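Engineer: Dropping in entry14.csv, with CSV, C-alpha atoms.
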chain,number,residue,atom,x,y,z
A,1,MET,CA,95.8,30.4,9.3
A,2,ILE,CA,95.4,28.1,6.4
A,3,GLU,CA,98.1,26.3,4.4
A,4,ALA,CA,97.8,26.8,0.7
A,5,ALA,CA,101.4,26.4,-0.4
A,6,PRO,CA,101.1,23.2,-2.5
A,7,ILE,CA,98.3,24.4,-4.8
A,8,THR,CA,100.1,27.8,-5.3
A,9,ALA,CA,103.2,26.0,-6.4
A,10,VAL,CA,101.4,23.7,-8.8
A,11,MET,CA,99.4,26.7,-10.2
A,12,ARG,CA,102.5,28.8,-10.6
A,13,THR,CA,104.2,26.0,-12.5
A,14,LEU,CA,101.3,25.5,-14.8
A,15,ALA,CA,100.4,29.2,-15.3
A,16,ASP,CA,103.1,29.4,-18.0
A,17,PRO,CA,101.5,28.5,-21.3
A,18,THR,CA,104.6,26.9,-22.8
A,19,ARG,CA,105.2,24.8,-19.7
A,20,ARG,CA,101.6,23.8,-19.7
A,21,ALA,CA,101.9,22.8,-23.3
A,22,VAL,CA,104.9,20.7,-22.4
A,23,PHE,CA,103.0,19.1,-19.5
A,24,GLU,CA,100.0,18.4,-21.7
A,25,ARG,CA,102.2,16.6,-24.2
A,26,ILE,CA,103.7,14.4,-21.5
A,27,VAL,CA,100.3,13.7,-20.2
A,28,GLY,CA,99.3,12.6,-23.7
A,29,CYS,CA,101.9,9.8,-23.9
A,30,ASP,CA,103.2,7.1,-21.6
A,31,GLU,CA,106.8,8.3,-21.7
A,32,ILE,CA,108.7,10.8,-23.8
A,33,THR,CA,112.3,12.1,-24.2
A,34,VAL,CA,113.5,15.7,-24.3
A,35,VAL,CA,114.4,15.3,-28.0
A,36,GLU,CA,110.9,14.2,-28.8
A,37,LEU,CA,109.4,17.0,-26.7
A,38,THR,CA,111.6,19.6,-28.4
A,39,ARG,CA,110.6,18.4,-31.9
A,40,GLY,CA,107.9,20.6,-33.3
A,41,SER,CA,107.6,22.7,-30.1
A,42,GLY,CA,109.1,25.9,-31.5
A,43,VAL,CA,111.5,26.3,-28.5
A,44,THR,CA,115.0,25.1,-27.9
A,45,GLN,CA,115.9,21.9,-26.1
A,46,GLY,CA,117.5,24.0,-23.4
A,47,ALA,CA,114.2,25.7,-22.8
A,48,ILE,CA,112.3,22.4,-22.7
A,49,SER,CA,114.8,21.1,-20.2
A,50,GLN,CA,114.2,24.1,-17.9
A,51,HIS,CA,110.4,23.5,-18.1
A,52,LEU,CA,111.0,19.9,-17.3
A,53,LYS,CA,113.0,20.9,-14.2
A,54,SER,CA,110.2,23.1,-13.0
A,55,LEU,CA,107.6,20.4,-13.6
A,56,LYS,CA,109.8,17.9,-11.7
A,57,GLN,CA,110.1,20.3,-8.8
A,58,ALA,CA,106.4,20.7,-8.6
A,59,GLY,CA,106.0,17.0,-8.5
A,60,LEU,CA,104.1,16.9,-11.8
A,61,VAL,CA,106.7,14.9,-13.8
A,62,ALA,CA,109.0,12.0,-13.0
A,63,GLU,CA,112.0,10.8,-15.0
A,64,ARG,CA,113.6,7.4,-15.8
A,65,ALA,CA,117.1,7.0,-17.2
A,66,SER,CA,117.6,4.2,-19.7
A,67,GLY,CA,120.9,4.0,-21.5
A,68,ARG,CA,121.6,7.4,-23.0
A,69,ASN,CA,118.0,8.4,-22.9
A,70,VAL,CA,116.0,10.0,-20.1
A,71,TYR,CA,112.3,9.3,-20.3
A,72,TYR,CA,109.7,11.6,-18.7
A,73,ARG,CA,106.2,10.7,-17.6
A,74,ALA,CA,103.4,12.5,-15.8
A,75,GLU,CA,102.8,12.0,-12.1
A,76,PRO,CA,99.1,11.8,-11.2
A,77,GLU,CA,99.8,12.6,-7.5
A,78,GLY,CA,101.3,16.0,-8.4
A,79,LEU,CA,97.9,17.2,-9.6
A,80,ALA,CA,96.2,16.2,-6.4
A,81,PRO,CA,96.3,19.7,-4.9
A,82,LEU,CA,94.3,20.9,-8.0
A,83,VAL,CA,91.6,18.2,-8.2
A,84,ASP,CA,89.5,19.2,-5.2
A,85,TRP,CA,87.4,22.3,-4.5
A,86,MET,CA,88.9,22.5,-1.1
A,87,SER,CA,92.2,23.8,-2.3
A,88,HIS,CA,90.4,26.2,-4.5
A,89,TYR,CA,88.5,27.6,-1.5
A,90,ALA,CA,91.5,27.6,0.8
A,91,VAL,CA,93.1,30.1,-1.6
A,92,PHE,CA,89.8,31.9,-2.1
A,93,TRP,CA,89.2,32.6,1.6
A,94,ARG,CA,92.7,33.6,2.3
A,95,ASP,CA,92.6,36.2,-0.5
A,96,ARG,CA,89.1,37.3,0.5
A,97,PHE,CA,90.1,37.9,4.1
A,98,ALA,CA,93.0,40.1,2.9
A,99,ASP,CA,90.4,42.1,0.8
A,100,LEU,CA,88.0,42.2,3.8
A,101,ARG,CA,90.9,43.8,5.9
A,102,THR,CA,91.5,46.4,3.2
A,103,LEU,CA,87.8,47.2,2.8
A,104,LEU,CA,87.4,47.6,6.6
A,105,LYS,CA,90.4,50.0,6.7
A,106,GLU,CA,88.7,52.0,3.9
A,107,ILE,CA,85.2,52.3,5.5
A,108,ASP,CA,86.4,52.6,9.1
A,109,PRO,CA,89.9,54.3,9.0
B,1,MET,CA,96.1,12.4,0.1
B,2,ASN,CA,97.1,12.2,3.7
B,3,ASP,CA,95.7,10.0,6.5
B,4,VAL,CA,93.6,12.7,8.1
B,5,ALA,CA,91.7,13.1,4.9
B,6,THR,CA,91.3,9.3,4.5
B,7,MET,CA,89.9,9.0,7.9
B,8,ALA,CA,87.7,12.0,8.1
B,9,GLY,CA,86.2,11.7,4.6
B,10,SER,CA,85.0,15.3,5.0
B,11,GLN,CA,87.2,18.3,5.6
B,12,GLN,CA,86.9,21.9,6.4
B,13,ILE,CA,88.9,25.1,5.8
B,14,LEU,CA,89.5,27.3,8.8
B,15,VAL,CA,90.6,30.9,8.8
B,16,ASP,CA,91.0,32.8,12.0
B,17,GLU,CA,92.0,36.4,12.1
B,18,VAL,CA,91.6,39.5,14.2
B,19,PHE,CA,90.5,42.8,12.5
B,20,PRO,CA,91.2,46.1,14.3
B,21,HIS,CA,87.5,47.2,14.1
B,22,THR,CA,84.4,46.9,16.3
B,23,LEU,CA,82.0,44.0,16.2
B,24,ASP,CA,79.4,46.3,14.7
B,25,VAL,CA,81.5,47.4,11.8
B,26,VAL,CA,82.7,43.9,11.0
B,27,TRP,CA,79.2,42.4,11.2
B,28,LYS,CA,78.0,45.2,8.8
B,29,THR,CA,80.7,44.4,6.4
B,30,LEU,CA,79.9,40.7,6.5
B,31,THR,CA,76.2,41.1,6.0
B,32,THR,CA,75.5,44.2,3.8
B,33,PRO,CA,75.2,43.0,0.2
B,34,GLU,CA,77.0,46.0,-1.3
B,35,LEU,CA,79.9,45.6,1.1
B,36,MET,CA,79.9,41.8,0.7
B,37,ALA,CA,80.3,42.2,-3.0
B,38,ARG,CA,83.3,44.5,-2.5
B,39,TRP,CA,85.4,42.0,-0.5
B,40,LEU,CA,84.0,38.7,-1.9
B,41,HIS,CA,84.2,40.0,-5.5
B,42,MET,CA,80.8,38.3,-6.1
B,43,GLU,CA,77.4,39.9,-5.7
B,44,PRO,CA,75.2,38.0,-3.2
B,45,VAL,CA,72.0,38.2,-5.2
B,46,GLY,CA,68.9,38.1,-2.9
B,47,PHE,CA,70.9,38.1,0.4
B,48,SER,CA,69.5,39.4,3.6
B,49,PRO,CA,70.8,38.4,7.1
B,50,THR,CA,67.6,36.5,8.0
B,51,VAL,CA,67.4,32.8,8.5
B,52,GLY,CA,65.8,31.0,5.6
B,53,THR,CA,66.8,33.6,2.9
B,54,ARG,CA,68.0,32.0,-0.3
B,55,PHE,CA,70.6,33.8,-2.4
B,56,THR,CA,73.2,33.1,-5.1
B,57,TYR,CA,76.7,34.0,-6.1
B,58,GLN,CA,77.8,33.9,-9.7
B,59,THR,CA,81.3,32.6,-10.3
B,60,THR,CA,83.3,31.1,-13.1
B,61,PRO,CA,81.4,28.3,-14.9
B,62,ALA,CA,83.0,24.9,-15.5
B,63,GLY,CA,81.8,22.4,-18.0
B,64,PRO,CA,78.1,21.5,-17.4
B,65,TRP,CA,78.0,23.8,-14.3
B,66,ASP,CA,76.8,27.3,-14.9
B,67,GLY,CA,78.9,28.7,-12.1
B,68,VAL,CA,76.0,29.6,-9.8
B,69,ILE,CA,76.5,28.9,-6.1
B,70,HIS,CA,73.2,28.4,-4.3
B,71,CYS,CA,73.1,29.5,-0.7
B,72,GLN,CA,70.6,29.7,2.2
B,73,VAL,CA,71.0,31.5,5.4
B,74,LEU,CA,71.1,29.0,8.3
B,75,ASP,CA,72.0,31.4,11.2
B,76,ALA,CA,72.2,35.2,11.4
B,77,THR,CA,72.8,36.3,15.0
B,78,PRO,CA,73.9,40.0,14.9
B,79,ASN,CA,77.5,40.6,15.9
B,80,GLN,CA,77.9,36.9,16.7
B,81,ARG,CA,77.4,34.4,13.9
B,82,LEU,CA,76.5,34.1,10.2
B,83,ALA,CA,76.1,30.7,8.6
B,84,TYR,CA,74.9,29.7,5.2
B,85,SER,CA,74.8,26.7,2.9
B,86,TRP,CA,77.1,26.9,-0.2
B,87,LYS,CA,76.1,24.5,-2.9
B,88,GLY,CA,77.2,24.2,-6.5
B,89,GLY,CA,79.1,22.3,-9.1
B,90,HIS,CA,78.2,19.3,-11.3
B,91,GLU,CA,78.9,15.6,-10.9
B,92,ASP,CA,80.4,15.4,-14.3
B,93,ASN,CA,83.2,17.8,-13.4
B,94,VAL,CA,86.6,16.9,-12.1
B,95,GLY,CA,88.3,19.2,-9.5
B,96,TYR,CA,87.1,22.8,-9.9
B,97,GLY,CA,83.4,22.7,-10.6
B,98,SER,CA,82.7,19.2,-9.2
B,99,ARG,CA,79.7,18.8,-7.0
B,100,LEU,CA,79.8,20.7,-3.7
B,101,ASP,CA,77.5,20.7,-0.7
B,102,THR,CA,79.1,22.7,2.0
B,103,VAL,CA,78.4,25.2,4.8
B,104,VAL,CA,80.2,28.5,5.4
B,105,THR,CA,80.2,29.9,9.0
B,106,PHE,CA,81.6,33.2,10.4
B,107,VAL,CA,81.9,33.4,14.1
B,108,LEU,CA,82.6,36.8,15.6
B,109,SER,CA,83.9,37.6,19.0
B,110,ALA,CA,85.4,40.6,20.8
B,111,ALA,CA,89.2,40.6,20.9
B,112,GLU,CA,91.6,42.8,22.8
B,113,THR,CA,92.6,44.6,19.6
B,114,GLY,CA,89.3,44.5,17.7
B,115,THR,CA,87.1,41.7,16.4
B,116,ARG,CA,88.1,38.1,15.9
B,117,VAL,CA,86.6,36.4,12.9
B,118,ARG,CA,86.7,32.6,12.6
B,119,LEU,CA,85.6,31.3,9.2
B,120,SER,CA,84.9,27.7,8.6
B,121,HIS,CA,84.0,26.3,5.2
B,122,ALA,CA,83.0,22.7,6.0
B,123,GLY,CA,81.8,19.6,4.2
B,124,PHE,CA,84.4,19.0,1.5
B,125,VAL,CA,84.6,15.4,0.3
B,126,LEU,CA,88.1,14.8,-1.0
B,127,PRO,CA,89.4,12.0,-3.3
B,128,ARG,CA,90.0,9.4,-0.7
B,129,ASN,CA,91.7,6.4,-2.2
B,130,GLU,CA,93.6,5.0,-5.1
B,131,THR,CA,90.5,4.5,-7.2
B,132,ALA,CA,90.0,8.2,-7.0
B,133,PHE,CA,93.4,8.7,-8.4
B,134,GLU,CA,92.8,6.2,-11.1
B,135,ASN,CA,89.6,8.0,-12.1
B,136,MET,CA,91.5,11.2,-11.9
B,137,SER,CA,94.2,10.1,-14.3
B,138,LYS,CA,91.4,9.2,-16.8
B,139,GLY,CA,90.0,12.7,-16.3
B,140,TRP,CA,93.4,14.3,-16.8
B,141,THR,CA,92.5,15.9,-20.1
B,142,LYS,CA,89.6,17.6,-18.4
B,143,VAL,CA,91.7,18.7,-15.5
B,144,VAL,CA,94.6,20.0,-17.5
B,145,ALA,CA,92.2,21.9,-19.8
B,146,SER,CA,90.7,23.7,-16.9
B,147,ILE,CA,94.1,24.6,-15.3
B,148,GLY,CA,94.6,27.6,-17.5
B,149,ALA,CA,91.4,29.2,-16.5
B,150,LEU,CA,91.9,28.3,-12.8
B,151,ALA,CA,95.4,29.6,-12.8
B,152,ALA,CA,94.3,32.9,-14.4
B,153,GLU,CA,91.5,33.2,-11.9
B,154,GLN,CA,94.0,32.8,-9.0
B,155,GLY,CA,96.2,35.5,-10.6
Before anything else, please render the file you have as structure tokens.

Structural biologist:
Amino acid sequence: MIEAAPITAVMRTLADPTRRAVFERIVGCDEITVVELTRGSGVTQGAISQHLKSLKQAGLVAERASGRNVYYRAEPEGLAPLVDWMSHYAVFWRDRFADLRTLLKEIDP
Amino acid sequence: MNDVATMAGSQQILVDEVFPHTLDVVWKTLTTPELMARWLHMEPVGFSPTVGTRFTYQTTPAGPWDGVIHCQVLDATPNQRLAYSWKGGHEDNVGYGSRLDTVVTFVLSAAETGTRVRLSHAGFVLPRNETAFENMSKGWTKVVASIGALAAEQG
């Protein structure tokens, strides 16, 4: 069998449009705080914090505490599972084999 | 990236499963265009199980790439082995849609409970070093922009 867990986790994390928007904003600057991220986002600081937690768990974002502030920055390694075709096709073939099994059952019960 | 990828430079995907059907039925499902389209969800345009045949799949385009995968049958031994080249992508793309020059091989064999199918998709060149990661971070905007489409495609 093939191992496709990392890419699935990254995709699941980034499939949420709001979370993706948060991530894009972090990517767009060197470092940013929750307060700055919340400003103009249209969602609460609590919601932003939840998204940051998910992004951290997926390895997409790292944090650094300085005084009373916590600064967030993007982590390039976290995107590694997405940057190559191989991960794409690992998922592709796993799914297609499942569909092949279903089709075989259908045409040859 | 891990050490294996660093050393090998080129990687393959392996899937190995047993299907509770005869060799004949499995071979037919892997090599009949109408049936291929039903489990691959892409129509193999121009396919026939004869060596040398060129055919294409149409998938999701990315940037300068039109989404066409160009294939040529390399081996078609009934009930045993189907292999074809699988080329596509564009050098300007990062991640999904980047250049790809690979080979897909299905090896069939009789198993106690049916037919064993071993798929290999070989020839992937992965980002191998820190420079690749640096280049990648410059290409982030592009990568992030394509994530929505990719995630949607994966469901």

Engineer: Of the residues A:Lys56, A:Arg25, A:Arg39, A:Arg101, which is the one nearest to Ala9 in chain A, using all atoms listed in the file?

Structural biologist: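 Comparing A:Lys56, A:Arg25, A:Arg39, A:Arg101 against Ala9 in chain A, the winner is A:Lys56.
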
Engineer: Can you tell me which residues surround Phe23 in chain A at a distance of at most 10 Å, considering all atoms listed in the file, apart from same-chain residues fewer than 4 positions away, and format the answer as a PyMOL selection string?

Structural biologist: (chain A and resi 13-14+17-19+27-28+37+51-52+55+60-61+73-74) or (chain B and resi 144)

Engineer: Would you list the residues near (81.7, 43.0, 4.9) (no more than 10 Å away, in the coordinates of the file, using all atoms listed in the file) as a PyMOL selection string?

Structural biologist: (chain A and resi 97+99-101+103-104+107) or (chain B and resi 25-40)

Engineer: List every protein, DNA or RNA residue with an atom no more than 10 Å from (76.1, 24.7, -1.2) in the file's coordinates, counting all atoms listed in the file, and format the result as number ranges by chain.

Structural biologist: B: 56, 68-72, 84-89, 99-104, 123

Engineer: For the selection just defined, write its residues with C-alpha atoms to a file, as a compact mmCIF listing (two decimals), in the frame of the given file.

Structural biologist:
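Contents of result38.txt, freshly written:
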# COMPACT_ATOMS: atom_id res chain seq x y z
CA THR B 56 73.20 33.10 -5.10
CA VAL B 68 76.00 29.60 -9.80
CA ILE B 69 76.50 28.90 -6.10
CA HIS B 70 73.20 28.40 -4.30
CA CYS B 71 73.10 29.50 -0.70
CA GLN B 72 70.60 29.70 2.20
CA TYR B 84 74.90 29.70 5.20
CA SER B 85 74.80 26.70 2.90
CA TRP B 86 77.10 26.90 -0.20
CA LYS B 87 76.10 24.50 -2.90
CA GLY B 88 77.20 24.20 -6.50
CA GLY B 89 79.10 22.30 -9.10
CA ARG B 99 79.70 18.80 -7.00
CA LEU B 100 79.80 20.70 -3.70
CA ASP B 101 77.50 20.70 -0.70
CA THR B 102 79.10 22.70 2.00
CA VAL B 103 78.40 25.20 4.80
CA VAL B 104 80.20 28.50 5.40
CA GLY B 123 81.80 19.60 4.20

Engineer: Env of range 14-19 of chain B: 6 Å cut, atoms = all atoms listed in the file, seq-sep filter 4 positions within chain, self excluded. Answer as a list of chain:residue names.

Structural biologist: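 Non-adjacent residues within range: A:Met1, B:Gly114, B:Thr115, B:Arg116, B:Val117, B:Arg118, B:Leu119, B:Ser120.
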
Engineer: Closest to chain A among B:Thr77, B:Thr59, B:Ser98, B:Thr53, using only C-alpha atoms?

Structural biologist: B:Ser98

Engineer: Report, in Å with one decimal, the straight-line distance from CA of Gln80 in chain B to CA of Val51 in chain B.

Structural biologist: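 Computing the Euclidean distance for CA of Gln80 in chain B and CA of Val51 in chain B yields 13.9 Å.
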
Engineer: Mind pulling up the distance from CA of Arg81 in chain B to CA of Thr105 in chain B?

Structural biologist: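 It comes out at 7.2 Å.
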
Engineer: Fewer than 2 positions away in the same chain doesn't count, so skip those; otherwise give me all residues within 8 Å of Ile48 in chain A, counting all atoms listed in the file, as a list in words.

Structural biologist: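 My reading of the contact set: Val22, Val34, Leu37, Thr38, Val43, Thr44, Gln45, Gly46, Gln50, His51 and Leu52 of chain A.
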
Engineer: Kindly indicate which residue among B:Pro78, B:Ala111, B:Gly97, B:Leu23 lies nearest to chain A, using all atoms listed in the file for the distances.

Structural biologist: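 For chain A, the nearest of the candidates is B:Gly97.
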
Engineer: Between B:Pro44, B:Ser109, B:Thr60, B:Pro49, which has the minimum distance to Asp75 in chain B (counting all atoms listed in the file)?

Structural biologist: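 Looking only at the distances to Asp75 in chain B, the closest residue turns out to be B:Pro49.
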
Engineer: Between CA of Phe55 in chain B and CA of Ala110 in chain B, measure the distance and give it in Å to one decimal.

Structural biologist: 28.3 Å

Engineer: Which residue is closest to chain B? Choose from A:Ala15, A:Val10, A:Arg68, A:Ala62 and count all atoms listed in the file.

Structural biologist: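 Distance minimum relative to chain B lands on A:Ala15.
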
Engineer: Restricting the calculation to only C-alpha atoms: of A:Asp16, A:Glu31, A:Glu24, A:Asp108, which residue gets closest to Ala65 in chain A?

Structural biologist: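 Answer, going by the shortest atom-to-atom distance: A:Glu31.
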